[in-house]
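I have placed the structure first, in the form of structure tokens, so that the comments after it can refer back to it.
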Amino acid sequence: MIVCLFDIDGTLLNSGGAGQAAMEAAFVEQFGPMQPVEGVAYAGRTDRAIIADIFRYFDIEDDDHTRDEFVGRYFSHLPDKLSQKEGGVLPGVTVLLEELASRENVELGLLTGNFRRGAEIKLGHFDLFHHFEFGGFGDIHHDRGDVARDALQETRAFLNRDIHPSQIWVIGDTPADVSCARVIDANVIAVSTGHFSEETLAATKPDHLLPDFSDPQAILELLAL
């Protein structure tokens, strides 16, 4: 059996910046006018860590009540922002997921910094969510390595069997995807469809590096399917 754990933003789809726009709209709704935020990175990070940085930047106390209200507002804005932005499914992704889903010896999951509900909203908007039933998400952890550990645990629980890390392929577009895969000793396919160049990704030493998924057959061959 092979388990493929996909990142979302920059790997499966381009949201057109809908996630960041929804967070900004949530901030304005809850706290008032928002000046530009400097020094807060989004790519490859967990939503939990991003929100912590935004709150710290504006000197807002990161308590459970304030954060939960903010996250709820984020979820309420996200569908509209996805509709307003010019995002889309990245080349080859739809065919690749359909091919992988058709294989009896392949299971598809997620390893993403998105909140679980945020992942559902984004993937649902682009009609991809039905491919995924388990994974690791960015609801709790600041570090993607901890998300990878959660993904491994949830994979084993969902499949009700022991899965060795050598059976897992993490597929993503950022150095964080590579590093978090190594935390659980998983294999990695990096794809340069996000914010990071092939040169930058190559320096992280993924097992395989592709420009995109426009040739799904190449992925199947890498996975020996």
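All residue names refer to the structure tokens as shown: chains lettered A, B, ... in order, residues numbered from 1 in each chain, ligands numbered from 1 in order.
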
Taking only residues of stretch 116-220 of chain A that have an atom at most 12 Å from an atom of stretch 97-104 of chain A, what is each one's shortest atom pair and its distance in Å to one decimal, using only C-alpha atoms, in chain and number order, as a tab-separated table?
```
residue	atom	partner	partner_atom	distance
A:Asp127	CA	A:Leu97	CA	11.5
A:Leu128	CA	A:Leu97	CA	8.5
A:Phe129	CA	A:Leu97	CA	10.6
A:His130	CA	A:Ala101	CA	10.2
A:His131	CA	A:Ala101	CA	7.0
A:Phe132	CA	A:Ala101	CA	9.5
A:Glu133	CA	A:Ala101	CA	11.8
A:Phe213	CA	A:Leu97	CA	10.4
A:Asp215	CA	A:Glu99	CA	11.8
A:Pro216	CA	A:Glu99	CA	8.2
A:Gln217	CA	A:Glu99	CA	9.0
A:Ala218	CA	A:Glu99	CA	11.9
A:Ile219	CA	A:Leu100	CA	9.6
A:Leu220	CA	A:Leu100	CA	7.9
```

Those selected residues, please, written with N, CA and C atoms and delivered as a PDB file, in the first residue's frame.
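The resulting file, out_1.pdb, is shown below:
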```pdb
ATOM      1  N   ASP A 127     -14.042  21.369  -6.044  1.00  0.00           N
ATOM      2  CA  ASP A 127     -14.540  20.002  -6.259  1.00  0.00           C
ATOM      3  C   ASP A 127     -13.434  18.948  -6.132  1.00  0.00           C
ATOM      4  N   LEU A 128     -12.602  19.101  -5.112  1.00  0.00           N
ATOM      5  CA  LEU A 128     -11.526  18.138  -4.866  1.00  0.00           C
ATOM      6  C   LEU A 128     -11.640  17.438  -3.517  1.00  0.00           C
ATOM      7  N   PHE A 129     -12.493  17.943  -2.643  1.00  0.00           N
ATOM      8  CA  PHE A 129     -12.485  17.449  -1.261  1.00  0.00           C
ATOM      9  C   PHE A 129     -12.882  15.980  -1.149  1.00  0.00           C
ATOM     10  N   HIS A 130     -13.707  15.503  -2.075  1.00  0.00           N
ATOM     11  CA  HIS A 130     -14.188  14.119  -1.978  1.00  0.00           C
ATOM     12  C   HIS A 130     -13.071  13.080  -2.080  1.00  0.00           C
ATOM     13  N   HIS A 131     -11.889  13.502  -2.524  1.00  0.00           N
ATOM     14  CA  HIS A 131     -10.770  12.558  -2.633  1.00  0.00           C
ATOM     15  C   HIS A 131     -10.098  12.282  -1.284  1.00  0.00           C
ATOM     16  N   PHE A 132     -10.372  13.093  -0.264  1.00  0.00           N
ATOM     17  CA  PHE A 132      -9.595  13.040   0.971  1.00  0.00           C
ATOM     18  C   PHE A 132     -10.476  12.820   2.191  1.00  0.00           C
ATOM     19  N   GLU A 133     -10.074  11.863   3.039  1.00  0.00           N
ATOM     20  CA  GLU A 133     -10.848  11.562   4.247  1.00  0.00           C
ATOM     21  C   GLU A 133     -10.029  11.638   5.532  1.00  0.00           C
ATOM     22  N   PHE A 213       2.345  19.030 -12.320  1.00  0.00           N
ATOM     23  CA  PHE A 213       1.728  17.714 -12.482  1.00  0.00           C
ATOM     24  C   PHE A 213       1.073  17.559 -13.850  1.00  0.00           C
ATOM     25  N   ASP A 215       2.019  16.089 -16.330  1.00  0.00           N
ATOM     26  CA  ASP A 215       2.162  14.713 -16.806  1.00  0.00           C
ATOM     27  C   ASP A 215       1.907  13.758 -15.645  1.00  0.00           C
ATOM     28  N   PRO A 216       0.629  13.480 -15.349  1.00  0.00           N
ATOM     29  CA  PRO A 216       0.318  12.606 -14.207  1.00  0.00           C
ATOM     30  C   PRO A 216       0.993  11.246 -14.290  1.00  0.00           C
ATOM     31  N   GLN A 217       1.236  10.767 -15.509  1.00  0.00           N
ATOM     32  CA  GLN A 217       1.863   9.458 -15.665  1.00  0.00           C
ATOM     33  C   GLN A 217       3.248   9.438 -15.037  1.00  0.00           C
ATOM     34  N   ALA A 218       3.932  10.565 -15.070  1.00  0.00           N
ATOM     35  CA  ALA A 218       5.266  10.633 -14.458  1.00  0.00           C
ATOM     36  C   ALA A 218       5.192  10.388 -12.958  1.00  0.00           C
ATOM     37  N   ILE A 219       4.144  10.897 -12.316  1.00  0.00           N
ATOM     38  CA  ILE A 219       3.959  10.666 -10.874  1.00  0.00           C
ATOM     39  C   ILE A 219       3.685   9.198 -10.612  1.00  0.00           C
ATOM     40  N   LEU A 220       2.838   8.603 -11.424  1.00  0.00           N
ATOM     41  CA  LEU A 220       2.504   7.185 -11.248  1.00  0.00           C
ATOM     42  C   LEU A 220       3.762   6.322 -11.387  1.00  0.00           C
TER      43      LEU A 220
END
```

> Near stretch 35-42 of chain A, within 9 Å and counting only C-alpha atoms, which residues show up once chain neighbours fewer than 3 positions away are dropped, as number ranges by chain?
Replying inline: A: 20, 45-47, 50, 53-54, 57-58

Selection from above, C-alpha atoms, as a PDB file, in the first residue's frame, can you write it?
```
ATOM      1  CA  GLN A  20      -5.050  35.742   3.183  1.00  0.00           C
ATOM      2  CA  ARG A  45       3.144  27.534   7.501  1.00  0.00           C
ATOM      3  CA  THR A  46       0.207  26.498   9.654  1.00  0.00           C
ATOM      4  CA  ASP A  47      -2.838  28.725   9.955  1.00  0.00           C
ATOM      5  CA  ILE A  50       0.059  32.671  10.970  1.00  0.00           C
ATOM      6  CA  ASP A  53       2.031  36.133  14.273  1.00  0.00           C
ATOM      7  CA  ILE A  54      -0.761  38.491  13.174  1.00  0.00           C
ATOM      8  CA  TYR A  57       2.121  42.059  15.284  1.00  0.00           C
ATOM      9  CA  PHE A  58      -0.925  44.041  16.410  1.00  0.00           C
TER      10      PHE A  58
END
```

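If you count only C-alpha atoms and ignore residues fewer than 3 places along the chain from A:Val188, what sits within 6 Å of it is A:Trp169, A:Val170, A:Ile171, A:Pro206, A:Asp207.
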
>> Can you tell me which residues surround A:Thr193 at a distance of at most 7 Å, considering only C-alpha atoms, apart from same-chain residues fewer than 4 positions away, and format the answer as a ChimeraX atom specification?
In response: /A:10-11,173,211-212

Since we have the selection now, will you write its residues out, keeping C-alpha atoms, as a short mmCIF file (atom, residue, chain, number, x, y, z; two decimals), in the first residue's frame?
```cif
data_model
loop_
_atom_site.label_atom_id
_atom_site.label_comp_id
_atom_site.auth_asym_id
_atom_site.auth_seq_id
_atom_site.Cartn_x
_atom_site.Cartn_y
_atom_site.Cartn_z
CA GLY A 10 0.43 25.87 -4.34
CA THR A 11 0.31 22.09 -4.78
CA ASP A 173 5.48 22.87 -3.03
CA PRO A 211 7.90 21.48 -12.35
CA ASP A 212 4.18 20.61 -12.14
#
```

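You will find atom CA of A:Ile51 at 10.5 Å from atom CA of A:Tyr74.
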
>> Here is a test: counting only C-alpha atoms, which residue of A:Thr155, A:Ser166, A:Ser179, A:Thr204 is nearest to A:Asp143?
In response: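 Ranking A:Thr155, A:Ser166, A:Ser179, A:Thr204 by distance to A:Asp143, first place goes to A:Ser179.
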
>> Can you pull out the residues contacting A:Met1? Cut-off 12 Å, using only C-alpha atoms, and skip same-chain residues under 6 positions away; I want them as a list in words.
In response: Leu100, Arg103, Glu104, Asn105, Val106, Glu107, Leu108, Leu159, Arg161, Asp162, Ile163, His164, Pro165, Ser166, Gln167, Ile168, Trp169, Leu223, Ala224 and Leu225 of chain A

Restricting the output to N, CA and C atoms, write the selected residues as a PDB file, in the first residue's frame.
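Result file selection32.pdb:
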```
ATOM      1  N   LEU A 100      -4.996   8.219  -9.064  1.00  0.00           N
ATOM      2  CA  LEU A 100      -4.573   7.642  -7.788  1.00  0.00           C
ATOM      3  C   LEU A 100      -5.750   7.040  -7.036  1.00  0.00           C
ATOM      4  N   ARG A 103      -6.783   3.455  -7.882  1.00  0.00           N
ATOM      5  CA  ARG A 103      -5.881   2.344  -7.551  1.00  0.00           C
ATOM      6  C   ARG A 103      -6.238   1.763  -6.190  1.00  0.00           C
ATOM      7  N   GLU A 104      -6.407   0.455  -6.139  1.00  0.00           N
ATOM      8  CA  GLU A 104      -6.806  -0.204  -4.890  1.00  0.00           C
ATOM      9  C   GLU A 104      -5.713  -0.146  -3.838  1.00  0.00           C
ATOM     10  N   ASN A 105      -4.477  -0.001  -4.248  1.00  0.00           N
ATOM     11  CA  ASN A 105      -3.363   0.001  -3.293  1.00  0.00           C
ATOM     12  C   ASN A 105      -2.872   1.397  -2.946  1.00  0.00           C
ATOM     13  N   VAL A 106      -3.694   2.409  -3.219  1.00  0.00           N
ATOM     14  CA  VAL A 106      -3.319   3.796  -2.922  1.00  0.00           C
ATOM     15  C   VAL A 106      -4.389   4.444  -2.049  1.00  0.00           C
ATOM     16  N   GLU A 107      -3.944   5.155  -1.018  1.00  0.00           N
ATOM     17  CA  GLU A 107      -4.844   5.942  -0.176  1.00  0.00           C
ATOM     18  C   GLU A 107      -4.411   7.404  -0.234  1.00  0.00           C
ATOM     19  N   LEU A 108      -5.383   8.300  -0.308  1.00  0.00           N
ATOM     20  CA  LEU A 108      -5.097   9.728  -0.421  1.00  0.00           C
ATOM     21  C   LEU A 108      -5.464  10.464   0.862  1.00  0.00           C
ATOM     22  N   LEU A 159      -6.973   3.994   8.537  1.00  0.00           N
ATOM     23  CA  LEU A 159      -6.815   2.746   7.791  1.00  0.00           C
ATOM     24  C   LEU A 159      -6.850   1.523   8.698  1.00  0.00           C
ATOM     25  N   ARG A 161      -4.549   0.136  10.461  1.00  0.00           N
ATOM     26  CA  ARG A 161      -3.412  -0.755  10.233  1.00  0.00           C
ATOM     27  C   ARG A 161      -2.134   0.043  10.427  1.00  0.00           C
ATOM     28  N   ASP A 162      -1.053  -0.678  10.651  1.00  0.00           N
ATOM     29  CA  ASP A 162       0.232  -0.011  10.800  1.00  0.00           C
ATOM     30  C   ASP A 162       0.764   0.351   9.420  1.00  0.00           C
ATOM     31  N   ILE A 163       1.084   1.602   9.235  1.00  0.00           N
ATOM     32  CA  ILE A 163       1.664   2.082   7.983  1.00  0.00           C
ATOM     33  C   ILE A 163       3.088   2.523   8.258  1.00  0.00           C
ATOM     34  N   HIS A 164       4.031   1.924   7.559  1.00  0.00           N
ATOM     35  CA  HIS A 164       5.422   2.316   7.743  1.00  0.00           C
ATOM     36  C   HIS A 164       5.684   3.609   6.979  1.00  0.00           C
ATOM     37  N   PRO A 165       6.507   4.496   7.537  1.00  0.00           N
ATOM     38  CA  PRO A 165       6.799   5.753   6.840  1.00  0.00           C
ATOM     39  C   PRO A 165       7.298   5.574   5.410  1.00  0.00           C
ATOM     40  N   SER A 166       7.971   4.442   5.132  1.00  0.00           N
ATOM     41  CA  SER A 166       8.461   4.207   3.768  1.00  0.00           C
ATOM     42  C   SER A 166       7.320   4.031   2.773  1.00  0.00           C
ATOM     43  N   GLN A 167       6.111   3.795   3.264  1.00  0.00           N
ATOM     44  CA  GLN A 167       4.933   3.654   2.394  1.00  0.00           C
ATOM     45  C   GLN A 167       4.259   4.996   2.126  1.00  0.00           C
ATOM     46  N   ILE A 168       4.771   6.052   2.763  1.00  0.00           N
ATOM     47  CA  ILE A 168       4.121   7.363   2.671  1.00  0.00           C
ATOM     48  C   ILE A 168       4.913   8.291   1.762  1.00  0.00           C
ATOM     49  N   TRP A 169       4.178   8.991   0.898  1.00  0.00           N
ATOM     50  CA  TRP A 169       4.747  10.039   0.055  1.00  0.00           C
ATOM     51  C   TRP A 169       4.069  11.353   0.400  1.00  0.00           C
ATOM     52  N   LEU A 223       5.916   6.565  -8.297  1.00  0.00           N
ATOM     53  CA  LEU A 223       5.332   5.788  -7.207  1.00  0.00           C
ATOM     54  C   LEU A 223       5.295   4.302  -7.510  1.00  0.00           C
ATOM     55  N   ALA A 224       5.812   3.920  -8.683  1.00  0.00           N
ATOM     56  CA  ALA A 224       5.828   2.512  -9.127  1.00  0.00           C
ATOM     57  C   ALA A 224       4.421   1.951  -9.225  1.00  0.00           C
ATOM     58  N   LEU A 225       3.503   2.737  -9.782  1.00  0.00           N
ATOM     59  CA  LEU A 225       2.109   2.307  -9.953  1.00  0.00           C
ATOM     60  C   LEU A 225       1.825   2.014 -11.421  1.00  0.00           C
TER      61      LEU A 225
END
```

> If you measure from atom CA of A:Ser15 to atom CA of A:Thr94, what distance in Å do you get, rounded to one decimal?
Replying inline: 15.3 Å

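Distance check against A:Glu154 using only C-alpha atoms: of A:Thr200, A:Gly32, A:Val3, A:Ala43, the minimum falls on A:Val3.
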
> Per DSSP on the backbone, what are the helix (DSSP H, G or I) residues of chain A, as a PyMOL selection string?
Replying inline: chain A and resi 18-31+47-57+64-84+93-101+116-125+129-131+144-159+165-167+175-183+198-202+216-222

>> Considering only C-alpha atoms, can you say which of A:Ile121, A:Ala148, A:Ile2, A:Leu90 comes closest to A:Ala18?
In response: A:Ile121

> Which residues, written as a list in words, have at least one atom at most 10 Å from A:Phe115, with only C-alpha atoms counted and residues fewer than 5 positions away on the same chain left out?
Replying inline: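 Close residues of A:Phe115: Thr46, Asp47, Arg48, Val71, Phe75, Glu120, Ile121, Gly136, Phe137, Gly138, Asp139 and Ile140 of chain A.
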
>> DSSP on the backbone: which residues in stretch 153-211 of chain A end up as strand (DSSP E or B)? Give the answer as number ranges by chain.
In response: A: 168-172, 187-191, 208-210

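Across the structure, atom CA of A:His195 and atom CA of A:Pro175 are spaced 10.3 Å apart.
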
> Pick the closest to A:Asn114 from A:Asp80, A:Phe196, A:Ala49, A:Leu209: which is it, counting only C-alpha atoms?
Replying inline: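 Between A:Asp80, A:Phe196, A:Ala49, A:Leu209, the residue approaching A:Asn114 most closely is A:Ala49.
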
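Candidate residues A:Ala176, A:Val28, A:Met23, A:Leu78 were compared for distance to A:Leu201, and the nearest is A:Ala176, using only C-alpha atoms.
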